[in-house]
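Okay, structure first, notes after.
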Amino acid sequence: MMQPIVLRDLKAMAADSELAWEPFRSGIDIFRLYPAEPNEAAAALLRYQPGASVPYHRHTGFEHILVLSGSQTDDNGTYTAGTLVVNPPGTRHTVKSLDGCIVLAIWAKPVQIEE
């Protein structure tokens with residue numbers, strides 16, 4: 001049985017270079033909070049380098065994005081540190097970060113990349 005995940009001072013934790021970041025996409029690293037299971041929820045920290053982007057993707061379930069540092073831009077606007085964005089199922093967008101950012105991403109279900 002998995003134990004509860006407790007993240008104290010998430011913003012400071014995300015800035016910690018000692019985390020086991022892994023390559024995710026070009027210019028984006030990921031630190032998984034728990035392993036993703038097929039068709040199940042997942043949560044991770046994403047670290048965007050300046051100019052990094054994610055191509056169009058569709059949400060099959062709710063996506064919650066909490067911007068911890070920097071800023072992130074999608075088709076609906078630019079979001080700075082402290083902003084929570086909730087993308088409902090069926091929506092699609094691309095995401096980029098001009099200056100770089102770190103976000104907490106929680107996916108109710110996997111996203112579908114449209115490359």
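We label chains A, B, ... in the order they appear in the structure tokens, count residues from 1 in each chain, and number ligands from 1 in the order shown.
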
*Please provide as a list in words all residues within 6 Å of Pro89 in chain A, with the sequence filter that same-chain residues fewer than 4 positions apart are discarded (counting only C-alpha atoms).*
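Residues meeting the cut-off are His59, Thr60, Gly61 and Phe62 of chain A.
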
*Quick one: residues within 12 Å of Asn76 in chain A, only C-alpha atoms counted, chain neighbours fewer than 6 positions away excluded, as number ranges by chain?*
A: 85-87, 91-96

*Contact residues around Glu37 in chain A with only C-alpha atoms at 12 Å, ignoring same-chain residues under 6 positions, as a ChimeraX atom specification*: /A:43,107-110

Take the residues from that selection and write them out as a PDB file, in the first residue's frame, keeping C-alpha atoms.
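What landed in part-v5.pdb:
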ATOM      1  CA  ALA A  43       1.082  13.992 -10.762  1.00  0.00           C
ATOM      2  CA  TRP A 107      -3.747  14.743 -14.579  1.00  0.00           C
ATOM      3  CA  ALA A 108      -6.955  12.844 -13.821  1.00  0.00           C
ATOM      4  CA  LYS A 109      -6.314  10.804 -16.972  1.00  0.00           C
ATOM      5  CA  PRO A 110      -3.506  10.782 -19.559  1.00  0.00           C
TER       6      PRO A 110
END

*Check the smallest atom-to-atom distance from each of A:Ile5, A:Ala81, A:Leu46, A:Cys101 to Arg25 in chain A using only C-alpha atoms, then report the winner.*
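Among A:Ile5, A:Ala81, A:Leu46, A:Cys101, it is A:Leu46 that comes nearest to Arg25 in chain A.
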
*asked:* Residues within 10 Å of Val103 in chain A, please, as a list in words. Count only C-alpha atoms; anything in the same chain fewer than 4 positions from it doesn't count.
replied: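 With the cut-off at 10 Å, the set is Lys11, Ala14, Ile30, Ala44, Leu45, Leu46, Arg47, Tyr48, His64, Ile65, Leu66, Val67, Leu68, Ser69, Gly70, Ser71, Gln72, Ala81, Gly82, Thr83 and Leu84 of chain A.
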
*Give the helix (DSSP H, G or I) residues of chain A, as assigned by DSSP on the backbone, as number ranges by chain.*
A: 10-14

Store the residues picked out above in a file with C-alpha atoms, as an mmCIF file, in the first residue's frame.
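File selection08.cif, as written:
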data_model
loop_
_atom_site.group_PDB
_atom_site.id
_atom_site.type_symbol
_atom_site.label_atom_id
_atom_site.label_comp_id
_atom_site.auth_asym_id
_atom_site.auth_seq_id
_atom_site.Cartn_x
_atom_site.Cartn_y
_atom_site.Cartn_z
ATOM 1 C CA LEU A 10 6.427 22.789 -2.475
ATOM 2 C CA LYS A 11 7.868 25.913 -4.087
ATOM 3 C CA ALA A 12 11.223 25.476 -2.341
ATOM 4 C CA MET A 13 11.193 21.753 -3.051
ATOM 5 C CA ALA A 14 10.610 22.353 -6.765
#

*Distance CA of Glu115 in chain A-CA of His57 in chain A, one decimal place?*
8.1 Å
